[in-house]
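Shown next: coords-v8.txt, containing compact mmCIF, C-alpha atoms and all ligand atoms.
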```
# COMPACT_ATOMS: atom_id res chain seq x y z
CA MET A 1 124.36 37.16 135.84
CA GLU A 2 124.98 40.83 134.97
CA PRO A 3 127.37 42.50 137.43
CA THR A 4 125.62 45.14 139.58
CA HIS A 5 126.64 48.75 139.29
CA ARG A 6 126.44 50.99 142.32
CA PRO A 7 126.56 54.78 141.71
CA VAL A 8 128.58 56.97 144.08
CA ILE A 9 129.83 60.57 144.12
CA SER A 10 133.58 60.40 143.52
CA ALA A 11 134.35 64.11 143.83
CA THR A 12 133.05 67.64 143.30
CA GLY A 13 134.56 70.79 141.78
CA LEU A 14 133.90 74.50 142.19
CA PHE A 15 134.73 77.58 140.16
CA THR A 16 134.19 80.92 141.93
CA PRO A 17 134.42 84.16 139.90
CA GLU A 18 137.04 86.57 141.26
CA GLU A 19 134.76 89.57 141.44
CA SER A 20 132.23 89.99 144.23
CA ILE A 21 129.58 92.62 144.98
CA SER A 22 128.78 93.49 148.59
CA ASN A 23 125.27 94.49 149.65
CA GLU A 24 126.58 98.01 150.32
CA GLU A 25 127.91 98.33 146.74
CA LEU A 26 124.75 96.82 145.29
CA VAL A 27 122.38 99.07 147.22
CA ALA A 28 124.44 102.21 146.48
CA SER A 29 124.19 101.48 142.75
CA PHE A 30 120.48 100.58 142.93
CA ASN A 31 119.61 103.68 144.93
CA GLU A 32 121.51 105.90 142.50
CA PHE A 33 119.45 104.35 139.68
CA VAL A 34 116.28 105.09 141.70
CA ARG A 35 117.40 108.69 142.31
CA ARG A 36 118.11 109.26 138.60
CA HIS A 37 114.84 107.61 137.55
CA ASN A 38 112.76 109.67 139.98
CA ALA A 39 114.59 112.90 139.04
CA ALA A 40 114.11 112.26 135.33
CA ASN A 41 110.40 111.55 135.87
CA ALA A 42 109.76 114.18 138.57
CA GLY A 43 107.00 115.91 136.60
CA ALA A 44 105.16 112.71 135.71
CA ILE A 45 105.51 111.44 139.29
CA ALA A 46 104.06 114.71 140.65
CA ALA A 47 101.19 114.42 138.14
CA GLY A 48 100.50 110.85 139.32
CA GLU A 49 101.30 109.40 135.88
CA VAL A 50 104.43 107.52 136.98
CA THR A 51 105.00 105.77 140.32
CA ALA A 52 108.17 106.83 142.11
CA LEU A 53 110.65 104.00 142.68
CA GLU A 54 111.53 103.08 146.28
CA PRO A 55 115.13 102.67 147.45
CA SER A 56 116.58 99.30 148.51
CA SER A 57 118.29 98.65 151.83
CA VAL A 58 121.18 96.52 153.09
CA GLU A 59 119.30 95.77 156.33
CA PHE A 60 116.27 94.42 154.45
CA ILE A 61 118.38 92.22 152.19
CA GLU A 62 120.30 90.62 155.04
CA LYS A 63 117.23 90.11 157.19
CA ALA A 64 114.99 88.78 154.40
CA SER A 65 117.54 86.52 152.71
CA GLY A 66 120.79 86.06 154.68
CA ILE A 67 122.73 87.24 151.61
CA LYS A 68 125.66 89.61 152.19
CA ALA A 69 127.54 89.41 148.88
CA ARG A 70 127.52 87.60 145.56
CA HIS A 71 130.19 86.73 142.99
CA VAL A 72 129.65 87.89 139.41
CA MET A 73 131.38 87.46 136.06
CA ALA A 74 131.16 91.21 135.24
CA LYS A 75 130.97 93.57 138.20
CA ALA A 76 131.39 97.03 136.64
CA PRO A 77 128.40 96.98 134.23
CA VAL A 78 126.13 95.41 136.86
CA LEU A 79 126.91 98.28 139.25
CA ASP A 80 126.74 101.01 136.57
CA PRO A 81 123.36 102.70 137.17
CA GLU A 82 123.05 103.32 133.42
CA ILE A 83 123.50 99.61 132.55
CA MET A 84 122.69 97.35 135.54
CA ALA A 85 123.27 94.14 133.60
CA PRO A 86 126.32 92.00 132.84
CA ARG A 87 128.24 92.84 129.67
CA TRP A 88 131.09 91.01 127.93
CA PRO A 89 132.43 90.89 124.39
CA GLU A 90 130.60 88.49 122.10
CA ARG A 91 132.72 85.40 121.49
CA SER A 92 133.36 83.80 118.12
CA ASN A 93 132.25 80.23 117.44
CA GLU A 94 135.89 79.16 117.71
CA ASP A 95 136.25 80.43 121.28
CA LEU A 96 135.01 78.49 124.29
CA SER A 97 131.59 79.82 125.36
CA LEU A 98 131.35 81.53 128.74
CA LEU A 99 129.28 78.76 130.35
CA ALA A 100 131.56 76.08 128.93
CA GLU A 101 134.64 77.97 130.17
CA ILE A 102 133.54 78.11 133.80
CA GLY A 103 131.96 74.65 133.63
CA VAL A 104 135.28 73.21 132.41
CA LYS A 105 137.10 74.86 135.33
CA ALA A 106 134.77 73.27 137.89
CA ALA A 107 134.88 69.93 136.05
CA ARG A 108 138.69 69.88 135.96
CA GLN A 109 138.78 70.33 139.72
CA ALA A 110 136.33 67.45 140.24
CA LEU A 111 138.43 65.20 137.98
CA GLU A 112 141.62 66.20 139.77
CA ARG A 113 140.13 65.54 143.20
CA ALA A 114 138.97 62.11 142.04
CA GLY A 115 142.35 61.37 140.42
CA ARG A 116 140.37 60.71 137.25
CA ASP A 117 141.62 61.04 133.69
CA ALA A 118 139.07 62.72 131.40
CA SER A 119 139.45 59.83 128.96
CA ASP A 120 137.79 57.56 131.58
CA VAL A 121 134.61 59.69 131.68
CA ASP A 122 131.71 58.45 129.54
CA ALA A 123 129.19 61.30 129.65
CA VAL A 124 128.72 64.98 130.48
CA LEU A 125 125.41 66.44 131.63
CA CYS A 126 125.26 70.23 131.66
CA ALA A 127 122.53 70.82 134.24
CA ALA A 128 121.72 74.48 134.84
CA SER A 129 118.96 77.10 134.92
CA ASN A 130 120.04 78.97 131.80
CA MET A 131 121.84 77.74 128.70
CA GLU A 132 123.88 80.14 126.62
CA ARG A 133 122.24 79.01 123.39
CA PRO A 134 119.84 76.30 122.24
CA TYR A 135 122.48 74.23 120.39
CA PRO A 136 125.01 72.72 120.04
CA ALA A 137 124.55 71.65 123.66
CA MET A 138 126.83 73.26 126.25
CA ALA A 139 127.54 69.74 127.52
CA ILE A 140 128.99 68.71 124.16
CA GLU A 141 131.26 71.75 124.11
CA ILE A 142 132.42 70.95 127.67
CA GLN A 143 132.90 67.32 126.65
CA GLN A 144 135.08 68.36 123.72
CA ALA A 145 137.11 70.85 125.78
CA LEU A 146 137.88 68.15 128.36
CA GLY A 147 138.69 65.50 125.75
CA ILE A 148 135.90 63.14 126.78
CA GLU A 149 134.53 60.51 124.41
CA GLY A 150 130.94 59.32 124.69
CA PHE A 151 128.06 61.73 124.87
CA GLY A 152 126.68 64.86 126.53
CA PHE A 153 123.44 66.79 126.71
CA ASP A 154 121.91 69.78 128.47
CA MET A 155 119.15 69.61 131.02
CA ASN A 156 117.29 72.41 132.75
CA VAL A 157 115.25 71.98 135.92
CA ALA A 158 116.05 75.50 137.22
CA CYS A 159 117.38 75.43 140.82
CA SER A 160 117.03 71.65 140.96
CA SER A 161 119.10 70.97 137.85
CA ALA A 162 122.11 69.54 139.70
CA THR A 163 120.19 67.00 141.80
CA PHE A 164 118.15 65.98 138.76
CA GLY A 165 121.50 65.60 136.98
CA ILE A 166 122.88 63.45 139.81
CA GLN A 167 119.89 61.09 139.68
CA THR A 168 120.13 60.89 135.88
CA ALA A 169 123.86 60.14 136.10
CA ALA A 170 123.25 57.57 138.87
CA ASP A 171 120.62 55.87 136.70
CA TYR A 172 123.10 55.65 133.81
CA VAL A 173 125.66 54.06 136.10
CA ARG A 174 123.12 51.67 137.63
CA SER A 175 121.92 50.51 134.23
CA GLY A 176 125.46 50.05 132.93
CA ASN A 177 125.05 52.71 130.22
CA ALA A 178 127.97 54.71 131.66
CA ARG A 179 130.55 54.15 134.40
CA SER A 180 131.67 57.74 134.94
CA VAL A 181 129.44 60.80 134.42
CA LEU A 182 130.19 64.48 134.98
CA VAL A 183 127.27 66.68 136.05
CA VAL A 184 128.33 70.27 135.37
CA SER A 185 126.30 73.28 136.56
CA PRO A 186 127.56 76.62 135.23
CA GLU A 187 125.21 79.24 136.64
CA VAL A 188 125.67 82.74 135.24
CA THR A 189 122.53 83.91 136.98
CA SER A 190 123.57 87.57 136.68
CA GLY A 191 122.27 87.28 133.11
CA HIS A 192 118.71 86.36 134.11
CA LEU A 193 118.45 88.68 137.10
CA ASN A 194 116.59 91.98 136.80
CA TRP A 195 119.10 94.20 138.63
CA ARG A 196 116.56 97.06 138.49
CA ASP A 197 113.89 95.16 140.42
CA ARG A 198 113.95 96.09 144.12
CA ASP A 199 112.21 92.86 145.19
CA SER A 200 114.84 90.57 143.67
CA HIS A 201 117.94 92.55 142.67
CA PHE A 202 119.95 91.12 145.57
CA ILE A 203 119.17 87.45 145.11
CA PHE A 204 121.56 85.86 142.64
CA GLY A 205 125.28 85.25 142.05
CA ASP A 206 127.47 83.49 139.44
CA VAL A 207 129.42 80.26 139.94
CA ALA A 208 130.04 76.82 138.42
CA THR A 209 130.05 73.41 140.10
CA ALA A 210 130.73 69.86 138.95
CA VAL A 211 129.83 66.47 140.43
CA LEU A 212 131.51 63.27 139.27
CA VAL A 213 129.10 60.32 139.59
CA GLU A 214 130.74 56.93 139.09
CA ASP A 215 130.44 53.21 139.53
CA ALA A 216 131.72 52.33 143.03
CA ALA A 217 134.03 49.78 141.42
CA MET A 218 136.19 52.56 139.95
CA ALA A 219 135.65 55.32 142.55
CA PRO A 220 138.46 56.63 144.76
CA ASP A 221 138.65 56.03 148.54
CA GLY A 222 136.62 58.46 150.57
CA HIS A 223 133.86 58.73 147.95
CA TRP A 224 130.21 59.23 148.87
CA ASP A 225 127.82 56.32 148.55
CA ILE A 226 124.48 57.41 147.08
CA LEU A 227 121.87 55.85 149.39
CA GLY A 228 118.93 57.06 147.34
CA THR A 229 117.67 59.89 145.15
CA ARG A 230 114.16 61.26 144.72
CA LEU A 231 112.81 63.93 142.36
CA LYS A 232 109.56 65.86 142.41
CA THR A 233 107.94 68.52 140.22
CA VAL A 234 104.70 70.44 140.70
CA PHE A 235 103.79 73.15 138.18
CA SER A 236 103.78 76.73 139.49
CA ASN A 237 103.96 80.18 137.91
CA ASN A 238 105.38 81.67 141.11
CA ILE A 239 108.94 81.53 139.78
CA ARG A 240 109.00 82.17 136.07
CA ASN A 241 111.13 83.48 133.21
CA ASN A 242 109.43 83.95 129.83
CA PHE A 243 112.63 84.40 127.83
CA GLY A 244 112.76 82.10 124.83
CA PHE A 245 113.30 81.80 121.12
CA LEU A 246 109.61 82.32 120.32
CA ASN A 247 109.78 85.84 121.79
CA ARG A 248 110.94 86.91 118.34
CA ALA A 249 107.34 86.37 117.28
CA HIS A 250 106.40 89.24 119.60
CA PRO A 251 109.15 91.81 118.94
CA ASP A 252 107.55 94.48 121.15
CA SER A 253 107.84 92.28 124.24
CA VAL A 254 111.44 91.14 123.75
CA GLY A 255 112.98 93.50 126.31
CA ALA A 256 110.16 93.23 128.83
CA ALA A 257 110.88 92.47 132.50
CA ASP A 258 109.06 89.12 132.31
CA LYS A 259 111.89 87.88 130.05
CA LEU A 260 114.04 87.82 133.17
CA PHE A 261 113.63 86.03 136.53
CA VAL A 262 110.33 86.96 138.22
CA GLN A 263 108.94 85.51 141.43
CA GLU A 264 106.24 85.77 144.07
CA GLY A 265 108.79 85.36 146.85
CA ARG A 266 106.31 85.09 149.73
CA LYS A 267 104.24 82.40 147.98
CA VAL A 268 107.39 80.49 147.06
CA PHE A 269 108.51 80.56 150.66
CA LYS A 270 105.14 79.36 152.00
CA GLU A 271 104.53 76.65 149.41
CA VAL A 272 108.01 75.20 148.95
CA VAL A 273 109.06 74.81 152.60
CA PRO A 274 106.37 72.25 153.54
CA MET A 275 106.66 70.46 150.19
CA VAL A 276 110.42 69.96 150.58
CA ALA A 277 110.33 69.05 154.28
CA GLN A 278 107.68 66.42 153.62
CA MET A 279 109.60 65.05 150.65
CA ILE A 280 112.79 64.70 152.71
CA LEU A 281 110.97 62.94 155.56
CA GLU A 282 109.20 60.53 153.19
CA GLU A 283 112.43 59.70 151.41
CA ALA A 284 114.30 59.20 154.71
CA ASP A 285 111.52 56.82 155.76
CA ARG A 286 111.77 54.91 152.47
CA LEU A 287 115.53 54.56 152.95
CA ALA A 288 115.11 53.61 156.65
CA ILE A 289 117.20 56.61 157.74
CA ASP A 290 116.26 58.29 161.02
CA PRO A 291 116.32 62.00 160.03
CA ALA A 292 117.57 62.91 163.52
CA THR A 293 120.79 61.01 162.74
CA LEU A 294 121.62 63.09 159.68
CA ARG A 295 125.12 64.45 160.24
CA ARG A 296 124.68 67.32 157.80
CA MET A 297 122.20 68.81 155.32
CA TRP A 298 123.50 70.65 152.28
CA LEU A 299 120.34 72.51 151.34
CA HIS A 300 119.60 74.63 148.31
CA GLN A 301 120.88 78.12 148.98
CA ALA A 302 118.00 80.50 148.21
CA ASN A 303 117.03 81.95 151.54
CA ALA A 304 118.37 81.48 155.07
CA GLY A 305 114.87 81.51 156.59
CA MET A 306 113.62 78.76 154.28
CA ASN A 307 116.60 76.58 155.17
CA ARG A 308 116.12 77.18 158.89
CA LEU A 309 112.50 76.03 158.68
CA ILE A 310 113.19 72.99 156.48
CA ALA A 311 116.13 71.85 158.62
CA HIS A 312 114.07 72.25 161.80
CA LYS A 313 111.21 70.17 160.39
CA VAL A 314 113.64 67.43 159.35
CA LEU A 315 115.97 67.30 162.36
CA GLY A 316 113.35 68.09 164.98
CA HIS A 317 115.39 70.95 166.41
CA GLU A 318 116.99 74.26 165.32
CA ALA A 319 119.89 73.27 163.05
CA SER A 320 123.37 74.54 163.90
CA ASP A 321 125.63 75.96 161.18
CA ASP A 322 127.48 72.67 161.39
CA GLU A 323 124.32 70.67 160.68
CA SER A 324 123.03 72.95 157.91
CA PRO A 325 125.87 75.11 156.57
CA THR A 326 125.12 78.19 154.50
CA VAL A 327 127.06 79.76 151.66
CA LEU A 328 124.37 82.39 151.06
CA ASP A 329 126.36 85.07 152.84
CA THR A 330 129.17 85.11 150.27
CA TYR A 331 127.63 83.43 147.18
CA GLY A 332 123.97 84.52 147.27
CA ASN A 333 121.52 82.25 145.47
CA THR A 334 123.47 80.41 142.76
CA SER A 335 120.49 78.43 141.54
CA SER A 336 121.25 74.74 140.97
CA ALA A 337 124.86 75.11 142.14
CA GLY A 338 123.96 76.21 145.69
CA SER A 339 123.59 72.86 147.46
CA ILE A 340 126.67 71.55 145.62
CA ILE A 341 128.79 74.53 146.77
CA ALA A 342 127.59 73.91 150.33
CA PHE A 343 128.57 70.23 149.98
CA HIS A 344 131.90 70.98 148.28
CA LEU A 345 133.01 73.46 150.94
CA ASN A 346 131.61 71.63 153.98
CA SER A 347 132.10 67.89 153.61
CA ASP A 348 135.82 67.12 154.06
CA ASP A 349 135.46 66.92 157.85
CA LEU A 350 132.84 64.15 157.80
CA ALA A 351 133.94 60.67 158.87
CA ALA A 352 133.37 57.34 157.15
CA GLY A 353 129.84 56.19 157.92
CA ASP A 354 128.43 59.73 158.32
CA THR A 355 125.13 60.26 156.52
CA GLY A 356 124.07 63.53 154.88
CA LEU A 357 121.57 65.01 152.49
CA ILE A 358 122.02 67.14 149.40
CA CYS A 359 118.70 68.81 148.60
CA SER A 360 117.61 71.33 146.00
CA PHE A 361 114.35 73.13 145.31
CA GLY A 362 113.13 75.94 143.10
CA ALA A 363 111.29 76.86 139.95
CA GLY A 364 108.94 74.37 138.38
CA TYR A 365 108.35 73.86 141.29
CA SER A 366 111.06 71.25 141.43
CA ALA A 367 112.86 69.49 144.25
CA GLY A 368 115.49 66.77 144.46
CA THR A 369 117.03 64.80 147.34
CA VAL A 370 120.30 62.87 147.30
CA PHE A 371 121.05 60.98 150.53
CA VAL A 372 124.76 60.17 150.78
CA ARG A 373 127.08 58.30 153.15
CA LYS A 374 130.81 58.83 153.37
CA ALA A 375 132.72 55.68 152.45
CA ALA A 376 136.01 54.61 154.05
N1 LIG B 1 114.84 96.90 150.19
C1 LIG B 1 114.02 97.34 151.16
N2 LIG B 1 112.76 96.93 151.32
C2 LIG B 1 112.28 96.02 150.44
C3 LIG B 1 113.08 95.51 149.41
C4 LIG B 1 114.40 95.98 149.29
N3 LIG B 1 115.24 95.53 148.35
N4 LIG B 1 112.35 94.61 148.70
C5 LIG B 1 111.12 94.57 149.27
N5 LIG B 1 111.08 95.42 150.32
C6 LIG B 1 109.95 95.69 151.21
C7 LIG B 1 108.63 95.44 150.52
O1 LIG B 1 108.23 96.58 149.81
C8 LIG B 1 107.72 95.13 151.69
O2 LIG B 1 107.32 96.32 152.27
P1 LIG B 1 105.84 96.47 152.94
O3 LIG B 1 105.84 95.50 154.08
O4 LIG B 1 105.81 97.89 153.34
O5 LIG B 1 104.88 96.09 151.85
C9 LIG B 1 108.65 94.42 152.68
O6 LIG B 1 109.98 94.79 152.30
C10 LIG B 1 108.50 92.91 152.65
O7 LIG B 1 108.60 92.44 151.27
P2 LIG B 1 108.43 90.95 150.87
O8 LIG B 1 108.59 90.79 149.40
O9 LIG B 1 107.19 90.39 151.48
O10 LIG B 1 109.73 90.33 151.59
P3 LIG B 1 110.02 88.90 152.14
O11 LIG B 1 110.26 89.00 153.56
O12 LIG B 1 109.04 87.88 151.62
O13 LIG B 1 111.44 88.57 151.44
C11 LIG B 1 112.32 87.29 149.59
C12 LIG B 1 111.56 88.52 150.03
C13 LIG B 1 112.33 87.21 148.09
C14 LIG B 1 113.76 87.39 150.09
C15 LIG B 1 111.69 86.04 150.22
O14 LIG B 1 110.29 86.05 149.98
C16 LIG B 1 112.24 84.76 149.67
O15 LIG B 1 113.42 84.49 149.75
N6 LIG B 1 111.37 83.89 149.14
C17 LIG B 1 111.80 82.63 148.59
C18 LIG B 1 112.58 82.92 147.41
C19 LIG B 1 113.12 81.73 146.72
O16 LIG B 1 113.58 80.80 147.30
N7 LIG B 1 113.04 81.74 145.44
C20 LIG B 1 113.57 80.73 144.68
C21 LIG B 1 114.45 81.34 143.70
S1 LIG B 1 115.25 80.08 142.86
```

Go ahead and render the structure in this file as structure tokens.
Amino acid sequence: MEPTHRPVISATGLFTPEESISNEELVASFNEFVRRHNAANAGAIAAGEVTALEPSSVEFIEKASGIKARHVMAKAPVLDPEIMAPRWPERSNEDLSLLAEIGVKAARQALERAGRDASDVDAVLCAASNMERPYPAMAIEIQQALGIEGFGFDMNVACSSATFGIQTAADYVRSGNARSVLVVSPEVTSGHLNWRDRDSHFIFGDVATAVLVEDAAMAPDGHWDILGTRLKTVFSNNIRNNFGFLNRAHPDSVGAADKLFVQEGRKVFKEVVPMVAQMILEEADRLAIDPATLRRMWLHQANAGMNRLIAHKVLGHEASDDESPTVLDTYGNTSSAGSIIAFHLNSDDLAAGDTGLICSFGAGYSAGTVFVRKAA
């Protein structure tokens, strides 16, 4: 009989960019941009031909989202009212790409924490919202930089990329196609954010995470058993980014705002909260886990209010910070990396036998659940 393979999470890794932007810095820059725009268009605004831009506010941002700061790979150009976008020198084909560079840093930490040699890893999945180029895959570049044999490929399920990556890796392990798989999520979201859009300029931050999914037979002590994973997608235009290689066919629209992140935030909030809460409860039922016994939920980090509502529906009471930790205050929304950062920073204190949930949700719509239990 074939031996059975049981996938577990051996370790995680995190790379945090040094630079951070506070809400105060962000709003000062945005409001200066608004002032310059309105001054430059004063005549047209007075004539009713151009709509005056409204200023942003720190109070609104914190109340609406729970975000107080975000890390970025290039602070100065983002805050420059004449640029308001990240800028960095173009790299040659011989240099490591930006996404690969930060992905490798997170991956190295995961390998180190697992006591794993890169030569024992069989596959790399680069799972993130935005890839730096169509090909060669970022995952293959990360694989090469780490000295991993085997294979790698990119996958994009927006904010749910990491949990979709974990299930994919777990399936490889279960089927015996790989024993050790790195799921790397480099999220340079500052590149897809429209820093001039008042409704969303505060949302995102940059980061990279890595999750090492392995066969239990080779995993280190203190790993996390994967009790079950579940994925769901439902098409919606409420979070959308039209950037793509076919835009070249429409040269006039290349720089348009719809080639960056755009959302109907209110609709997202209303539609995604019940979808995710129901999905978690159904999956807990399938796995015979009483949701009230969940020791901790590491939820996708998009909005503090969304997480409060989802956690309440699942646990049956208002979740404490200990039950549903947030990293929104310092990281902002880091797309697919958010729930993994929350897990990475808030899981060492759990005891063997404790059960928790990693859960992501976002554009697509997409949502993924990974129920885990700490092993001895
Ligand atoms: N500063 C000050 N006021 C602002 C503002 C800003 N930066 N942005 C919007 N406002 C104003 C609006 O103009 C509006 O004013 P009005 O009431 O006079 O019309 C008011 O604040 C409320 O705006 P609204 O867009 O309805 O805010 P909200 O409470 O829904 O919060 C989000 C906005 C985006 C934070 C929230 O909807 C959200 O987080 N949704 C889910 C997002 C999400 O998870 N997306 C997934 C991404 S992966």

So that I can see what lies close to Val173 of chain A, please list as a ChimeraX atom specification the residues with an atom at most 8 Å from it, counting all atoms listed in the file and leaving out residues fewer than 2 positions away in the same chain. /A:5-7,169-171,175-181,213-215

Among listed residues A:Ser324, A:Thr369, A:Ser29, A:Gln278, nearest Pro77 of chain A (using only C-alpha atoms):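 Among the listed residues, the smallest separation from Pro77 of chain A belongs to A:Ser29.
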
List as CSV every residue of chain A that is in contact with ligand LIG 1 (chain B), defined as an atom at most 6 Å from one of its atoms (using all atoms listed in the file), together with the nearest atom pair and the distance in Å rounded to one decimal, sorted by chain and then rising number.
```
residue,atom,partner,partner_atom,distance
A:Ser56,CA,B:LIG1,N1,3.4
A:Ser57,CA,B:LIG1,N1,4.2
A:Phe60,CA,B:LIG1,C1,4.9
A:Ile61,CA,B:LIG1,N3,6.0
A:Ala64,CA,B:LIG1,O13,4.6
A:Ser65,CA,B:LIG1,C14,4.7
A:Cys159,CA,B:LIG1,S1,5.5
A:Arg198,CA,B:LIG1,N3,4.5
A:Asp199,CA,B:LIG1,N4,3.9
A:Gly265,CA,B:LIG1,O14,3.5
A:Arg266,CA,B:LIG1,O14,4.1
A:Val268,CA,B:LIG1,C17,5.1
A:Phe269,CA,B:LIG1,C17,4.4
A:Ala302,CA,B:LIG1,O16,4.5
A:Asn303,CA,B:LIG1,O15,4.8
A:Ser335,CA,B:LIG1,S1,5.6
A:Gly362,CA,B:LIG1,S1,4.7
A:Ala363,CA,B:LIG1,S1,5.9
```

Take atom CA of Leu294 of chain A and atom CA of Leu345 of chain A and report the distance between them in Å, one decimal.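 Result for atom CA of Leu294 of chain A versus atom CA of Leu345 of chain A: 17.7 Å, one decimal.
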
Would you tabulate, counting only C-alpha atoms, all residues of segment 280-343 of chain A that have an atom at most 10 Å from an atom of segment 228-248 of chain A, showing the closest pair of atoms and their distance in Å to one decimal, sorted by chain then ascending number, as a tab-separated table?
```
residue	atom	partner	partner_atom	distance
A:Ile280	CA	A:Arg230	CA	8.8
A:Glu282	CA	A:Arg230	CA	9.8
A:Glu283	CA	A:Arg230	CA	7.1
A:Ala284	CA	A:Gly228	CA	9.0
A:Arg286	CA	A:Gly228	CA	9.1
A:Leu287	CA	A:Gly228	CA	7.0
```

Can you pull out the residues contacting His192 of chain A? Cut-off 12 Å, using only C-alpha atoms, and skip same-chain residues under 2 positions away; I want them as an MDAnalysis selection string. chainID A and resid 84:86 129:132 158 187:190 194:197 200:201 203:206 240:244 257:262 334:335

Pick the closest to Ala219 of chain A from A:Pro325, A:Gly115, A:Gly305, A:Pro136: which is it, counting all atoms listed in the file?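 Selected residue with least distance to Ala219 of chain A: A:Gly115.
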
Identify the residues within 12 Å of coordinate (130.7, 67.9, 129.3) (same frame as the file), considering all atoms listed in the file, and give the answer as number ranges by chain. A: 99-108, 111, 118-119, 121-127, 136-155, 180-186, 210-212

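Here atom CA of Gly356 of chain A is placed at a distance of 16.8 Å from atom CA of Val327 of chain A.
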
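Distance-wise, atom CA of Met73 of chain A and atom CA of Pro134 of chain A end up 21.2 Å apart.
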
Shell of 12 Å around Asp348 of chain A, all atoms listed in the file, local chain residues under 6 positions omitted, as a VMD selection string: chain A and resid 11 to 12 113 222 to 224 296 342 354 374 to 375

Which is closest to Pro81 of chain A among A:Ile21, A:Ala52, A:Val370, A:Val34, if we use all atoms listed in the file?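 Checking each candidate against Pro81 of chain A, we get A:Val34 as the closest.
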
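Closest to Met275 of chain A among A:Tyr135, A:Ser347, A:Ala376, A:Gly368 is A:Gly368, based on all atoms listed in the file.
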
Distance query Val276 of chain A at most 8 Å, all atoms listed in the file, self and fewer than 4 positions along chain excluded, as a PDB file with C-alpha atoms, in the frame of the given file:
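As a result, result.pdb now contains:
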```pdb
ATOM      1  CA  VAL A 272     108.010  75.200 148.950  1.00  0.00           C
ATOM      2  CA  ILE A 280     112.790  64.700 152.710  1.00  0.00           C
ATOM      3  CA  ILE A 310     113.190  72.990 156.480  1.00  0.00           C
ATOM      4  CA  PHE A 361     114.350  73.130 145.310  1.00  0.00           C
ATOM      5  CA  ALA A 367     112.860  69.490 144.250  1.00  0.00           C
TER       6      ALA A 367
END
```

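For Trp298 of chain A, the residues within 6 Å (counting only C-alpha atoms, excluding itself and residues fewer than 2 positions away along the chain) are Ser339, Ala342, Phe343, Leu357 and Ile358 of chain A.
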
How about saving the chosen residues, C-alpha atoms kept, as a PDB file, in the frame of the given file?
```pdb
ATOM      1  CA  SER A 339     123.590  72.860 147.460  1.00  0.00           C
ATOM      2  CA  ALA A 342     127.590  73.910 150.330  1.00  0.00           C
ATOM      3  CA  PHE A 343     128.570  70.230 149.980  1.00  0.00           C
ATOM      4  CA  LEU A 357     121.570  65.010 152.490  1.00  0.00           C
ATOM      5  CA  ILE A 358     122.020  67.140 149.400  1.00  0.00           C
TER       6      ILE A 358
END
```

Please list, as a list in words, the residues that have an atom at most 9 Å away from (125.2, 79.7, 154.8) in the coordinates of this file, counting only C-alpha atoms. Gly66, Ile67, Gln301, Ala304, Asp321, Ser324, Pro325, Thr326, Val327, Leu328, Asp329, Thr330, Tyr331 and Ala342 of chain A

Go through A:Arg295, A:His250, A:Arg308, A:His317 and flag the residue nearest Phe371 of chain A, using all atoms listed in the file for the distances.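 The closest residue to Phe371 of chain A is A:Arg295.
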
Measuring between all atoms listed in the file, which one of A:Asp349, A:Pro251, A:Ala69, A:Leu79 shows the shortest distance to Asp322 of chain A?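 The closest residue to Asp322 of chain A is A:Asp349.
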